[in-house]
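Engineer: Okay, so here is structure-v3.pdb, and as you'll see once you scroll down, it has PDB, C-alpha atoms.
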```
ATOM      1  CA  MET A  27     -30.393  29.995  24.212
ATOM      2  CA  PRO A  28     -30.057  27.910  21.019
ATOM      3  CA  THR A  29     -33.055  27.565  18.727
ATOM      4  CA  LYS A  30     -34.983  24.372  19.552
ATOM      5  CA  ILE A  31     -35.541  22.401  16.367
ATOM      6  CA  LEU A  32     -37.714  19.395  15.467
ATOM      7  CA  ILE A  33     -36.912  17.381  12.353
ATOM      8  CA  ILE A  34     -39.783  15.160  11.177
ATOM      9  CA  GLY A  35     -38.604  12.392   8.861
ATOM     10  CA  ALA A  36     -35.076  12.511  10.260
ATOM     11  CA  SER A  37     -34.244   8.914   9.286
ATOM     12  CA  GLY A  38     -34.583   9.541   5.552
ATOM     13  CA  GLN A  39     -31.899  10.337   2.988
ATOM     14  CA  ILE A  40     -31.907  14.112   3.475
ATOM     15  CA  GLY A  41     -33.264  14.108   7.035
ATOM     16  CA  THR A  42     -30.326  12.129   8.402
ATOM     17  CA  GLU A  43     -27.636  14.456   7.106
ATOM     18  CA  LEU A  44     -29.683  17.570   7.858
ATOM     19  CA  SER A  45     -30.081  16.438  11.481
ATOM     20  CA  LEU A  46     -26.341  15.931  11.864
ATOM     21  CA  LYS A  47     -25.567  19.332  10.313
ATOM     22  CA  LEU A  48     -28.078  21.206  12.469
ATOM     23  CA  ARG A  49     -26.724  19.505  15.605
ATOM     24  CA  GLU A  50     -23.273  20.667  14.577
ATOM     25  CA  ILE A  51     -24.585  24.248  14.273
ATOM     26  CA  HIS A  52     -27.053  24.486  17.181
ATOM     27  CA  GLY A  53     -25.785  21.806  19.571
ATOM     28  CA  SER A  54     -26.861  18.171  19.908
ATOM     29  CA  ASP A  55     -29.511  18.719  22.576
ATOM     30  CA  ALA A  56     -31.206  21.543  20.639
ATOM     31  CA  VAL A  57     -32.127  19.360  17.653
ATOM     32  CA  ILE A  58     -34.800  16.694  18.191
ATOM     33  CA  ALA A  59     -34.770  14.100  15.419
ATOM     34  CA  SER A  60     -37.993  12.141  14.875
ATOM     35  CA  ASP A  61     -39.308   9.498  12.527
ATOM     36  CA  ILE A  62     -41.690   6.565  12.464
ATOM     37  CA  ARG A  63     -38.626   4.301  12.662
ATOM     38  CA  GLU A  64     -35.157   4.576  14.160
ATOM     39  CA  GLY A  65     -32.378   5.947  11.975
ATOM     40  CA  SER A  66     -28.717   5.150  11.395
ATOM     41  CA  GLU A  67     -26.349   4.458  14.272
ATOM     42  CA  GLU A  68     -24.700   7.841  13.725
ATOM     43  CA  LEU A  69     -28.035   9.669  13.867
ATOM     44  CA  MET A  70     -29.241   7.810  16.957
ATOM     45  CA  ALA A  71     -25.971   8.410  18.802
ATOM     46  CA  SER A  72     -25.676  12.098  17.929
ATOM     47  CA  GLY A  73     -28.592  13.486  19.954
ATOM     48  CA  PRO A  74     -32.222  13.131  21.078
ATOM     49  CA  PHE A  75     -34.539  10.961  18.979
ATOM     50  CA  GLU A  76     -38.309  10.478  19.229
ATOM     51  CA  ILE A  77     -40.465   7.890  17.484
ATOM     52  CA  ALA A  78     -43.402   9.779  15.931
ATOM     53  CA  ASN A  79     -45.867   9.426  13.074
ATOM     54  CA  ALA A  80     -45.892  12.538  10.867
ATOM     55  CA  MET A  81     -49.594  11.930  10.143
ATOM     56  CA  ASP A  82     -50.557  12.026  13.840
ATOM     57  CA  TYR A  83     -51.188  15.655  14.823
ATOM     58  CA  GLU A  84     -51.335  14.891  18.558
ATOM     59  CA  GLN A  85     -47.942  13.185  18.481
ATOM     60  CA  ILE A  86     -46.301  16.072  16.625
ATOM     61  CA  ALA A  87     -47.996  18.722  18.797
ATOM     62  CA  GLY A  88     -46.900  16.755  21.870
ATOM     63  CA  LEU A  89     -43.267  16.809  20.755
ATOM     64  CA  VAL A  90     -43.457  20.545  20.058
ATOM     65  CA  GLU A  91     -44.762  21.177  23.584
ATOM     66  CA  LYS A  92     -42.469  18.690  25.318
ATOM     67  CA  HIS A  93     -39.285  20.097  23.771
ATOM     68  CA  GLN A  94     -40.414  23.751  23.432
ATOM     69  CA  ILE A  95     -39.789  23.609  19.689
ATOM     70  CA  GLU A  96     -39.417  26.836  17.685
ATOM     71  CA  ASP A  97     -38.490  25.611  14.179
ATOM     72  CA  VAL A  98     -39.796  22.508  12.389
ATOM     73  CA  TYR A  99     -38.213  20.866   9.357
ATOM     74  CA  LEU A 100     -40.792  18.566   7.759
ATOM     75  CA  MET A 101     -38.734  16.046   5.758
ATOM     76  CA  ALA A 102     -41.213  13.138   5.832
ATOM     77  CA  ALA A 103     -42.630  12.271   2.396
ATOM     78  CA  MET A 104     -43.352   9.407   0.042
ATOM     79  CA  LEU A 105     -41.231  10.028  -3.046
ATOM     80  CA  SER A 106     -42.053   9.831  -6.753
ATOM     81  CA  ALA A 107     -41.461   6.193  -7.711
ATOM     82  CA  THR A 108     -42.790   4.766  -4.434
ATOM     83  CA  GLY A 109     -45.777   7.104  -4.527
ATOM     84  CA  GLU A 110     -46.917   5.750  -7.899
ATOM     85  CA  LYS A 111     -47.317   2.323  -6.294
ATOM     86  CA  ALA A 112     -49.427   3.668  -3.408
ATOM     87  CA  PRO A 113     -51.091   6.914  -4.556
ATOM     88  CA  MET A 114     -53.538   7.469  -1.717
ATOM     89  CA  GLN A 115     -50.980   6.654   0.988
ATOM     90  CA  ALA A 116     -48.566   9.091  -0.658
ATOM     91  CA  TRP A 117     -51.213  11.822  -0.819
ATOM     92  CA  GLY A 118     -52.183  11.243   2.824
ATOM     93  CA  LEU A 119     -48.638  11.340   4.161
ATOM     94  CA  ASN A 120     -47.450  14.242   2.035
ATOM     95  CA  MET A 121     -50.465  16.470   2.678
ATOM     96  CA  ASP A 122     -51.620  15.636   6.213
ATOM     97  CA  SER A 123     -48.133  16.060   7.650
ATOM     98  CA  LEU A 124     -47.840  19.502   6.038
ATOM     99  CA  PHE A 125     -51.199  20.702   7.388
ATOM    100  CA  HIS A 126     -50.236  19.559  10.900
ATOM    101  CA  VAL A 127     -47.101  21.702  10.847
ATOM    102  CA  LEU A 128     -48.690  24.708   9.124
ATOM    103  CA  ASN A 129     -51.506  24.709  11.688
ATOM    104  CA  LEU A 130     -49.020  24.564  14.573
ATOM    105  CA  ALA A 131     -47.385  27.664  13.092
ATOM    106  CA  LYS A 132     -50.744  29.368  12.511
ATOM    107  CA  ASP A 133     -51.597  28.793  16.167
ATOM    108  CA  LYS A 134     -48.246  30.350  17.196
ATOM    109  CA  LYS A 135     -46.961  27.103  18.723
ATOM    110  CA  ILE A 136     -43.879  27.217  16.477
ATOM    111  CA  LYS A 137     -42.108  30.135  14.814
ATOM    112  CA  LYS A 138     -40.721  28.868  11.534
ATOM    113  CA  VAL A 139     -41.306  25.979   9.116
ATOM    114  CA  PHE A 140     -39.115  24.386   6.452
ATOM    115  CA  TRP A 141     -40.923  22.181   3.929
ATOM    116  CA  PRO A 142     -39.181  20.817   0.837
ATOM    117  CA  SER A 143     -40.809  20.834  -2.569
ATOM    118  CA  SER A 144     -39.301  19.191  -5.670
ATOM    119  CA  ILE A 145     -38.768  19.462  -9.403
ATOM    120  CA  ALA A 146     -41.641  16.927  -9.521
ATOM    121  CA  VAL A 147     -44.045  19.920  -9.394
ATOM    122  CA  PHE A 148     -43.250  20.473 -13.060
ATOM    123  CA  GLY A 149     -44.707  18.431 -15.922
ATOM    124  CA  PRO A 150     -44.571  17.754 -19.670
ATOM    125  CA  SER A 151     -45.946  21.231 -20.507
ATOM    126  CA  THR A 152     -43.279  23.010 -18.423
ATOM    127  CA  PRO A 153     -40.342  24.511 -20.382
ATOM    128  CA  LYS A 154     -37.606  21.869 -20.000
ATOM    129  CA  GLU A 155     -34.532  24.087 -20.438
ATOM    130  CA  ASN A 156     -33.784  26.662 -17.726
ATOM    131  CA  THR A 157     -37.208  26.106 -16.181
ATOM    132  CA  PRO A 158     -38.334  29.494 -14.782
ATOM    133  CA  GLN A 159     -39.228  30.169 -11.151
ATOM    134  CA  THR A 160     -42.818  30.909 -12.174
ATOM    135  CA  THR A 161     -44.087  28.717 -14.989
ATOM    136  CA  ILE A 162     -46.689  26.173 -16.092
ATOM    137  CA  MET A 163     -47.054  23.304 -13.614
ATOM    138  CA  GLU A 164     -48.976  20.211 -14.659
ATOM    139  CA  PRO A 165     -47.340  17.391 -12.661
ATOM    140  CA  THR A 166     -48.102  13.810 -13.686
ATOM    141  CA  THR A 167     -47.192  11.942 -10.478
ATOM    142  CA  VAL A 168     -48.988  11.847  -7.139
ATOM    143  CA  TYR A 169     -45.739  13.059  -5.550
ATOM    144  CA  GLY A 170     -45.619  16.054  -7.890
ATOM    145  CA  ILE A 171     -49.317  16.784  -7.407
ATOM    146  CA  SER A 172     -48.903  16.744  -3.621
ATOM    147  CA  LYS A 173     -45.860  19.008  -3.796
ATOM    148  CA  GLN A 174     -47.560  21.492  -6.124
ATOM    149  CA  THR A 175     -50.603  21.554  -3.843
ATOM    150  CA  GLY A 176     -48.351  21.954  -0.815
ATOM    151  CA  GLU A 177     -46.657  24.957  -2.399
ATOM    152  CA  ARG A 178     -49.994  26.673  -2.824
ATOM    153  CA  TRP A 179     -50.956  25.974   0.798
ATOM    154  CA  CYS A 180     -47.600  27.275   2.062
ATOM    155  CA  ASN A 181     -48.141  30.493   0.149
ATOM    156  CA  TYR A 182     -51.731  30.727   1.445
ATOM    157  CA  TYR A 183     -50.731  30.230   5.100
ATOM    158  CA  ASN A 184     -48.045  32.888   4.757
ATOM    159  CA  ARG A 185     -50.373  35.398   3.124
ATOM    160  CA  LYS A 186     -53.455  34.637   5.233
ATOM    161  CA  TYR A 187     -51.933  33.903   8.654
ATOM    162  CA  GLY A 188     -48.385  35.278   8.475
ATOM    163  CA  VAL A 189     -46.817  31.811   8.831
ATOM    164  CA  ASP A 190     -43.050  31.980   8.266
ATOM    165  CA  VAL A 191     -42.770  28.969   5.960
ATOM    166  CA  ARG A 192     -39.776  28.487   3.669
ATOM    167  CA  SER A 193     -39.308  26.000   0.859
ATOM    168  CA  ILE A 194     -36.974  24.944  -1.941
ATOM    169  CA  ARG A 195     -37.609  22.665  -4.903
ATOM    170  CA  TYR A 196     -34.971  19.991  -4.528
ATOM    171  CA  PRO A 197     -33.490  18.485  -7.686
ATOM    172  CA  GLY A 198     -32.137  14.924  -7.563
ATOM    173  CA  ILE A 199     -30.031  14.580  -4.392
ATOM    174  CA  ILE A 200     -26.870  12.456  -4.407
ATOM    175  CA  SER A 201     -25.191  11.138  -1.237
ATOM    176  CA  TYR A 202     -23.042   8.185  -0.205
ATOM    177  CA  LYS A 203     -24.008   8.314   3.479
ATOM    178  CA  THR A 204     -27.645   7.197   3.279
ATOM    179  CA  LEU A 205     -29.515   5.080   0.759
ATOM    180  CA  PRO A 206     -32.058   6.757  -1.543
ATOM    181  CA  GLY A 207     -35.723   6.512  -0.675
ATOM    182  CA  GLY A 208     -37.639   5.582  -3.830
ATOM    183  CA  GLY A 209     -37.140   8.533  -6.153
ATOM    184  CA  THR A 210     -36.742   8.727  -9.934
ATOM    185  CA  THR A 211     -33.233  10.205  -9.645
ATOM    186  CA  ASP A 212     -32.008   7.306  -7.473
ATOM    187  CA  TYR A 213     -29.932   5.923 -10.363
ATOM    188  CA  ALA A 214     -27.355   8.640  -9.701
ATOM    189  CA  VAL A 215     -26.687   7.127  -6.267
ATOM    190  CA  GLU A 216     -27.040   3.464  -7.239
ATOM    191  CA  ILE A 217     -24.533   3.866 -10.073
ATOM    192  CA  PHE A 218     -21.712   4.636  -7.634
ATOM    193  CA  HIS A 219     -22.504   1.658  -5.397
ATOM    194  CA  GLU A 220     -22.535  -0.694  -8.390
ATOM    195  CA  ALA A 221     -19.439   0.859  -9.962
ATOM    196  CA  ILE A 222     -17.413   0.059  -6.844
ATOM    197  CA  LYS A 223     -19.008  -3.344  -6.113
ATOM    198  CA  GLU A 224     -19.525  -4.802  -9.603
ATOM    199  CA  GLY A 225     -17.749  -2.509 -12.061
ATOM    200  CA  LYS A 226     -20.978  -2.201 -14.055
ATOM    201  CA  TYR A 227     -24.485  -0.768 -13.757
ATOM    202  CA  THR A 228     -27.829  -1.109 -15.547
ATOM    203  CA  SER A 229     -29.601   2.261 -15.542
ATOM    204  CA  PHE A 230     -33.396   2.412 -15.255
ATOM    205  CA  LEU A 231     -33.290   5.693 -17.219
ATOM    206  CA  SER A 232     -32.133   6.051 -20.828
ATOM    207  CA  GLU A 233     -28.627   7.290 -21.606
ATOM    208  CA  ALA A 234     -29.821  10.700 -22.859
ATOM    209  CA  THR A 235     -32.119  11.553 -19.921
ATOM    210  CA  SER A 236     -30.804  14.842 -18.527
ATOM    211  CA  LEU A 237     -32.036  15.830 -15.067
ATOM    212  CA  PRO A 238     -31.087  18.512 -12.516
ATOM    213  CA  MET A 239     -28.888  17.047  -9.768
ATOM    214  CA  MET A 240     -27.176  18.202  -6.587
ATOM    215  CA  TYR A 241     -24.645  16.791  -4.137
ATOM    216  CA  MET A 242     -26.094  16.326  -0.667
ATOM    217  CA  GLU A 243     -23.694  18.785   0.945
ATOM    218  CA  ASP A 244     -25.052  21.551  -1.286
ATOM    219  CA  ALA A 245     -28.668  20.538  -0.575
ATOM    220  CA  ILE A 246     -28.023  20.750   3.164
ATOM    221  CA  LYS A 247     -26.255  24.097   2.692
ATOM    222  CA  ALA A 248     -29.282  25.477   0.807
ATOM    223  CA  THR A 249     -31.669  24.265   3.514
ATOM    224  CA  VAL A 250     -29.628  25.880   6.282
ATOM    225  CA  ASP A 251     -29.091  29.081   4.281
ATOM    226  CA  ILE A 252     -32.766  29.704   3.540
ATOM    227  CA  MET A 253     -33.748  29.104   7.165
ATOM    228  CA  GLU A 254     -31.033  31.452   8.458
ATOM    229  CA  ALA A 255     -31.952  34.245   6.031
ATOM    230  CA  PRO A 256     -33.946  37.194   7.413
ATOM    231  CA  ALA A 257     -37.685  36.880   6.802
ATOM    232  CA  GLU A 258     -37.769  39.954   4.575
ATOM    233  CA  ALA A 259     -35.290  38.273   2.166
ATOM    234  CA  ILE A 260     -37.701  35.396   1.502
ATOM    235  CA  LYS A 261     -39.847  36.840  -1.258
ATOM    236  CA  VAL A 262     -41.153  33.514  -2.625
ATOM    237  CA  ARG A 263     -43.406  31.743  -0.123
ATOM    238  CA  SER A 264     -44.441  28.856  -2.365
ATOM    239  CA  SER A 265     -41.024  27.327  -3.137
ATOM    240  CA  TYR A 266     -37.733  28.416  -4.690
ATOM    241  CA  ASN A 267     -36.125  26.790  -7.726
ATOM    242  CA  LEU A 268     -32.737  25.322  -6.791
ATOM    243  CA  ALA A 269     -29.985  24.130  -9.125
ATOM    244  CA  ALA A 270     -26.381  23.026  -9.213
ATOM    245  CA  MET A 271     -25.791  20.810 -12.297
ATOM    246  CA  SER A 272     -27.599  18.722 -14.898
ATOM    247  CA  PHE A 273     -26.346  15.517 -16.501
ATOM    248  CA  THR A 274     -27.419  12.268 -18.170
ATOM    249  CA  PRO A 275     -26.580   8.708 -17.062
ATOM    250  CA  ALA A 276     -24.105   8.536 -19.975
ATOM    251  CA  ILE A 277     -22.304  11.721 -18.892
ATOM    252  CA  LEU A 278     -22.102  10.524 -15.289
ATOM    253  CA  ALA A 279     -20.775   7.143 -16.446
ATOM    254  CA  GLU A 280     -17.980   8.884 -18.387
ATOM    255  CA  GLU A 281     -17.050  10.846 -15.282
ATOM    256  CA  ILE A 282     -16.898   7.622 -13.241
ATOM    257  CA  LYS A 283     -14.682   6.007 -15.917
ATOM    258  CA  LYS A 284     -12.043   8.650 -15.182
ATOM    259  CA  HIS A 285     -11.654   6.916 -11.819
ATOM    260  CA  ILE A 286     -12.753   3.321 -12.611
ATOM    261  CA  GLN A 287     -11.516   2.763 -16.164
ATOM    262  CA  ASN A 288     -13.250  -0.573 -16.803
ATOM    263  CA  PHE A 289     -16.666   0.598 -15.588
ATOM    264  CA  GLU A 290     -19.503  -0.364 -17.927
ATOM    265  CA  ILE A 291     -23.061   0.952 -18.130
ATOM    266  CA  SER A 292     -26.111  -0.472 -19.873
ATOM    267  CA  TYR A 293     -29.677   0.793 -20.109
ATOM    268  CA  GLN A 294     -32.998  -0.823 -19.320
ATOM    269  CA  PRO A 295     -35.584   1.971 -18.841
ATOM    270  CA  ASP A 296     -38.558   1.105 -16.630
ATOM    271  CA  PHE A 297     -41.674   2.966 -15.422
ATOM    272  CA  ARG A 298     -39.478   5.709 -13.973
ATOM    273  CA  GLN A 299     -38.490   6.799 -17.496
ATOM    274  CA  GLU A 300     -41.936   8.277 -18.087
ATOM    275  CA  ILE A 301     -41.662  10.211 -14.824
ATOM    276  CA  ALA A 302     -38.206  11.546 -15.732
ATOM    277  CA  ASP A 303     -39.400  12.552 -19.212
ATOM    278  CA  SER A 304     -41.996  14.846 -17.610
ATOM    279  CA  TRP A 305     -39.390  16.747 -15.590
ATOM    280  CA  PRO A 306     -37.063  19.643 -16.534
ATOM    281  CA  SER A 307     -33.538  19.020 -17.788
ATOM    282  CA  SER A 308     -32.176  22.252 -16.282
ATOM    283  CA  ILE A 309     -33.400  24.839 -13.768
ATOM    284  CA  ASP A 310     -33.213  28.645 -13.530
ATOM    285  CA  ASP A 311     -32.610  29.414  -9.846
ATOM    286  CA  ASN A 312     -31.733  33.100 -10.091
ATOM    287  CA  ALA A 313     -34.459  34.045  -7.593
ATOM    288  CA  ALA A 314     -32.799  31.985  -4.840
ATOM    289  CA  ARG A 315     -29.380  33.364  -5.725
ATOM    290  CA  GLU A 316     -30.612  36.965  -5.674
ATOM    291  CA  ASP A 317     -33.002  36.825  -2.688
ATOM    292  CA  TRP A 318     -31.000  34.867  -0.089
ATOM    293  CA  GLY A 319     -27.582  34.397  -1.642
ATOM    294  CA  TRP A 320     -27.760  30.753  -2.738
ATOM    295  CA  SER A 321     -24.625  29.356  -4.404
ATOM    296  CA  HIS A 322     -23.488  25.767  -4.972
ATOM    297  CA  ASN A 323     -20.018  24.306  -4.436
ATOM    298  CA  PHE A 324     -20.100  20.955  -6.271
ATOM    299  CA  ASP A 325     -20.024  20.351 -10.031
ATOM    300  CA  ILE A 326     -20.101  16.857 -11.600
ATOM    301  CA  SER A 327     -16.335  16.390 -11.242
ATOM    302  CA  ALA A 328     -16.299  17.320  -7.535
ATOM    303  CA  LEU A 329     -19.461  15.262  -6.974
ATOM    304  CA  THR A 330     -17.900  12.128  -8.509
ATOM    305  CA  GLU A 331     -14.700  12.481  -6.509
ATOM    306  CA  ALA A 332     -16.633  13.009  -3.270
ATOM    307  CA  MET A 333     -18.936  10.021  -3.875
ATOM    308  CA  LEU A 334     -16.168   7.563  -4.775
ATOM    309  CA  SER A 335     -13.891   8.779  -1.987
ATOM    310  CA  GLY A 336     -16.679   8.610   0.575
ATOM    311  CA  MET A 337     -17.821   5.127  -0.447
ATOM    312  CA  ASN A 338     -14.284   3.752  -0.496
ATOM    313  CA  SER A 339     -13.626   5.128   2.983
ATOM    314  CA  GLN A 340     -16.796   3.407   4.223
ATOM    315  CA  LEU A 341     -15.572   0.095   2.794
ATOM    316  CA  VAL A 342     -12.213   0.457   4.531
ATOM    317  CA  SER A 343     -13.811   1.259   7.881
TER     318      SER A 343
END
```
Once you've parsed the file, please lay out its structure as structure tokens.
Structural biologist:
Amino acid sequence: MPTKILIIGASGQIGTELSLKLREIHGSDAVIASDIREGSEELMASGPFEIANAMDYEQIAGLVEKHQIEDVYLMAAMLSATGEKAPMQAWGLNMDSLFHVLNLAKDKKIKKVFWPSSIAVFGPSTPKENTPQTTIMEPTTVYGISKQTGERWCNYYNRKYGVDVRSIRYPGIISYKTLPGGGTTDYAVEIFHEAIKEGKYTSFLSEATSLPMMYMEDAIKATVDIMEAPAEAIKVRSSYNLAAMSFTPAILAEEIKKHIQNFEISYQPDFRQEIADSWPSSIDDNAAREDWGWSHNFDISALTEAMLSGMNSQLVS
């Protein structure tokens, strides 16, 4: 029998593509997508979908019982830039939803949990270059605070109750299939849309702001890989550093110009600049590579080709 999976927050940027990938692996009927709103046409047509509020324990517990769920992927969250506009709502969503899932696992109603953390757990006092797996964490955003707190609770539930919870700290995620959801790294998706549509882009981060980034296909691969690894291989039960590449808006613009020669970029930093300045510029992810065999496939050149090719094919269709 295939593993029965529930994805909470399946209509979001990562949740959509993760749902499609897991349905490809486990079969459409084995993967229940859920969100507070319906998702893309492709997501809705690809398998079962349930409307559910991640903050409502009874709704989530009901779905687990109804579909005999074994593994839960909790992808629902309010991201960094959006969270700064609504701090208490962000804290409530990000924390309550995690406790609901951890408690279902503690009570043996599900077997395994995936919960994503983020580079937002780091802060201005964190070493910015090759940020270590274990280091100083003094996050400055409500999103980062909630993720850092969540990491500690994941570790606690594993140590105290034996909950099999697994987590990775996502860098900025770049995809052409779904729109970004209010994060500080969103410029790296917007820039491609504007390059194709307008031939120019105004970045909300400065030209020299280097941040860790990853193509969506690699992020999905990492998520699947860590959940498929044997439990004894998962030695970090807070969250693993994850990396693929780091670049600035200026470097990405130069890569785009190799394909769209007349592309122009300008800079108008906004409130997100302060958030980005508190984050690492590069990440040491050796623990993930050594413990469960993580490796990435996309560098900035392959990322740019994939984004432009994918967006152009969408325009044609």
Engineer: Selected by the PyMOL selection byres ((chain A and resi 323) around 9) in the shown coordinates: which residues, as an mmCIF file with C-alpha atoms, keeping the file's coordinate frame?
Structural biologist:
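To be explicit, this is the file written out as out_25.cif:
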```
data_model
loop_
_atom_site.group_PDB
_atom_site.id
_atom_site.type_symbol
_atom_site.label_atom_id
_atom_site.label_comp_id
_atom_site.auth_asym_id
_atom_site.auth_seq_id
_atom_site.Cartn_x
_atom_site.Cartn_y
_atom_site.Cartn_z
ATOM 1 C CA TYR A 241 -24.645 16.791 -4.137
ATOM 2 C CA GLU A 243 -23.694 18.785 0.945
ATOM 3 C CA ASP A 244 -25.052 21.551 -1.286
ATOM 4 C CA ALA A 270 -26.381 23.026 -9.213
ATOM 5 C CA SER A 321 -24.625 29.356 -4.404
ATOM 6 C CA HIS A 322 -23.488 25.767 -4.972
ATOM 7 C CA PHE A 324 -20.100 20.955 -6.271
ATOM 8 C CA ASP A 325 -20.024 20.351 -10.031
ATOM 9 C CA ALA A 328 -16.299 17.320 -7.535
#
```
Engineer: Let me know the centre plus edge lengths, in Å and rounded to one decimal, of a box with edges along x, y and z that contains all listed atoms of stretch 89-97 of chain A and is padded by 3 Å on every side, as AutoDock Vina command-line options.
Structural biologist:
```
--center_x -41.6 --center_y 21.8 --center_z 19.7 --size_x 12.3 --size_y 16.0 --size_z 17.1
```
Engineer: Could you write out as a PDB file with C-alpha atoms, in the coordinates of the input the residues that the PyMOL selection byres ((chain A and resi 242) around 10) matches in the shown file?
Structural biologist:
```pdb
ATOM      1  CA  GLN A  39     -31.899  10.337   2.988  1.00  0.00           C
ATOM      2  CA  ILE A  40     -31.907  14.112   3.475  1.00  0.00           C
ATOM      3  CA  GLU A  43     -27.636  14.456   7.106  1.00  0.00           C
ATOM      4  CA  LEU A  44     -29.683  17.570   7.858  1.00  0.00           C
ATOM      5  CA  GLY A 198     -32.137  14.924  -7.563  1.00  0.00           C
ATOM      6  CA  ILE A 199     -30.031  14.580  -4.392  1.00  0.00           C
ATOM      7  CA  ILE A 200     -26.870  12.456  -4.407  1.00  0.00           C
ATOM      8  CA  SER A 201     -25.191  11.138  -1.237  1.00  0.00           C
ATOM      9  CA  TYR A 202     -23.042   8.185  -0.205  1.00  0.00           C
ATOM     10  CA  LYS A 203     -24.008   8.314   3.479  1.00  0.00           C
ATOM     11  CA  MET A 239     -28.888  17.047  -9.768  1.00  0.00           C
ATOM     12  CA  MET A 240     -27.176  18.202  -6.587  1.00  0.00           C
ATOM     13  CA  TYR A 241     -24.645  16.791  -4.137  1.00  0.00           C
ATOM     14  CA  GLU A 243     -23.694  18.785   0.945  1.00  0.00           C
ATOM     15  CA  ASP A 244     -25.052  21.551  -1.286  1.00  0.00           C
ATOM     16  CA  ALA A 245     -28.668  20.538  -0.575  1.00  0.00           C
ATOM     17  CA  ILE A 246     -28.023  20.750   3.164  1.00  0.00           C
ATOM     18  CA  LYS A 247     -26.255  24.097   2.692  1.00  0.00           C
ATOM     19  CA  ALA A 248     -29.282  25.477   0.807  1.00  0.00           C
ATOM     20  CA  PHE A 324     -20.100  20.955  -6.271  1.00  0.00           C
ATOM     21  CA  LEU A 329     -19.461  15.262  -6.974  1.00  0.00           C
TER      22      LEU A 329
END
```
Engineer: Counting only C-alpha atoms, I want the residues whose atoms come within 8 Å of (-30.6, -0.2, -10.3) in the file frame, returned as a list in words.
Structural biologist: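 Within the cut-off we find Tyr213, Glu216, Ile217, Tyr227, Thr228, Ser229 and Phe230 of chain A.
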Engineer: I need the output of the PyMOL selection byres ((chain A and resi 112-122) around 9) for this file as a list in words; which residues are they?
Structural biologist: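 Applying the PyMOL selection byres ((chain A and resi 112-122) around 9) to the structure shown produces Ala80, Met81, Asp82, Tyr83, Ala102, Ala103, Met104, Leu105, Ser106, Thr108, Gly109, Glu110, Lys111, Ser123, Leu124, Phe125, His126, Val127, Thr167, Val168, Tyr169, Ile171, Ser172, Lys173, Thr175 and Gly176 of chain A.
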Engineer: Take the selection from the previous step and output its residues with C-alpha atoms, as a PDB file, in the coordinates of the input.
Structural biologist:
```pdb
ATOM      1  CA  ALA A  80     -45.892  12.538  10.867  1.00  0.00           C
ATOM      2  CA  MET A  81     -49.594  11.930  10.143  1.00  0.00           C
ATOM      3  CA  ASP A  82     -50.557  12.026  13.840  1.00  0.00           C
ATOM      4  CA  TYR A  83     -51.188  15.655  14.823  1.00  0.00           C
ATOM      5  CA  ALA A 102     -41.213  13.138   5.832  1.00  0.00           C
ATOM      6  CA  ALA A 103     -42.630  12.271   2.396  1.00  0.00           C
ATOM      7  CA  MET A 104     -43.352   9.407   0.042  1.00  0.00           C
ATOM      8  CA  LEU A 105     -41.231  10.028  -3.046  1.00  0.00           C
ATOM      9  CA  SER A 106     -42.053   9.831  -6.753  1.00  0.00           C
ATOM     10  CA  THR A 108     -42.790   4.766  -4.434  1.00  0.00           C
ATOM     11  CA  GLY A 109     -45.777   7.104  -4.527  1.00  0.00           C
ATOM     12  CA  GLU A 110     -46.917   5.750  -7.899  1.00  0.00           C
ATOM     13  CA  LYS A 111     -47.317   2.323  -6.294  1.00  0.00           C
ATOM     14  CA  SER A 123     -48.133  16.060   7.650  1.00  0.00           C
ATOM     15  CA  LEU A 124     -47.840  19.502   6.038  1.00  0.00           C
ATOM     16  CA  PHE A 125     -51.199  20.702   7.388  1.00  0.00           C
ATOM     17  CA  HIS A 126     -50.236  19.559  10.900  1.00  0.00           C
ATOM     18  CA  VAL A 127     -47.101  21.702  10.847  1.00  0.00           C
ATOM     19  CA  THR A 167     -47.192  11.942 -10.478  1.00  0.00           C
ATOM     20  CA  VAL A 168     -48.988  11.847  -7.139  1.00  0.00           C
ATOM     21  CA  TYR A 169     -45.739  13.059  -5.550  1.00  0.00           C
ATOM     22  CA  ILE A 171     -49.317  16.784  -7.407  1.00  0.00           C
ATOM     23  CA  SER A 172     -48.903  16.744  -3.621  1.00  0.00           C
ATOM     24  CA  LYS A 173     -45.860  19.008  -3.796  1.00  0.00           C
ATOM     25  CA  THR A 175     -50.603  21.554  -3.843  1.00  0.00           C
ATOM     26  CA  GLY A 176     -48.351  21.954  -0.815  1.00  0.00           C
TER      27      GLY A 176
END
```
Engineer: Considering all atoms listed in the file, return as a ChimeraX atom specification whatever protein or nucleic-acid residues lie within 6 Å of stretch 309-315 of chain A, sequence-local ones (same chain, fewer than 3 positions apart) excluded.
Structural biologist: /A:156-158,267-269,318-320
Engineer: Have a look at atom CA of A:Ala146 and atom CA of A:Gln299 and let me know their distance in Å, one decimal.
Structural biologist: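 Separation of atom CA of A:Ala146 and atom CA of A:Gln299: 13.3 Å.
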Engineer: Counting only C-alpha atoms, find residues at most 12 Å from (-46.6, 13.8, 16.2) (file frame) and give them as an MDAnalysis selection string.
Structural biologist: chainID A and resid 32:35 59:62 76:92 98 100 102 122:124 126:127 130
Engineer: Nearest to A:Glu290 among A:Gly208, A:Pro275, A:Gly65, A:Gly225, with distances taken over all atoms listed in the file: which residue is it?
Structural biologist: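 Smallest separation from A:Glu290 among the options: A:Gly225.
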Engineer: Distance atom CA of A:Glu155-atom CA of A:Ala234, one decimal place?
Structural biologist: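 These atoms are spaced 14.4 Å apart.
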Engineer: I'd like to know which of A:Glu280, A:Glu50, A:Asp190, A:Glu164 is closest to A:Trp141, using all atoms listed in the file.
Structural biologist: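 Of all the options, A:Asp190 lies closest to A:Trp141.
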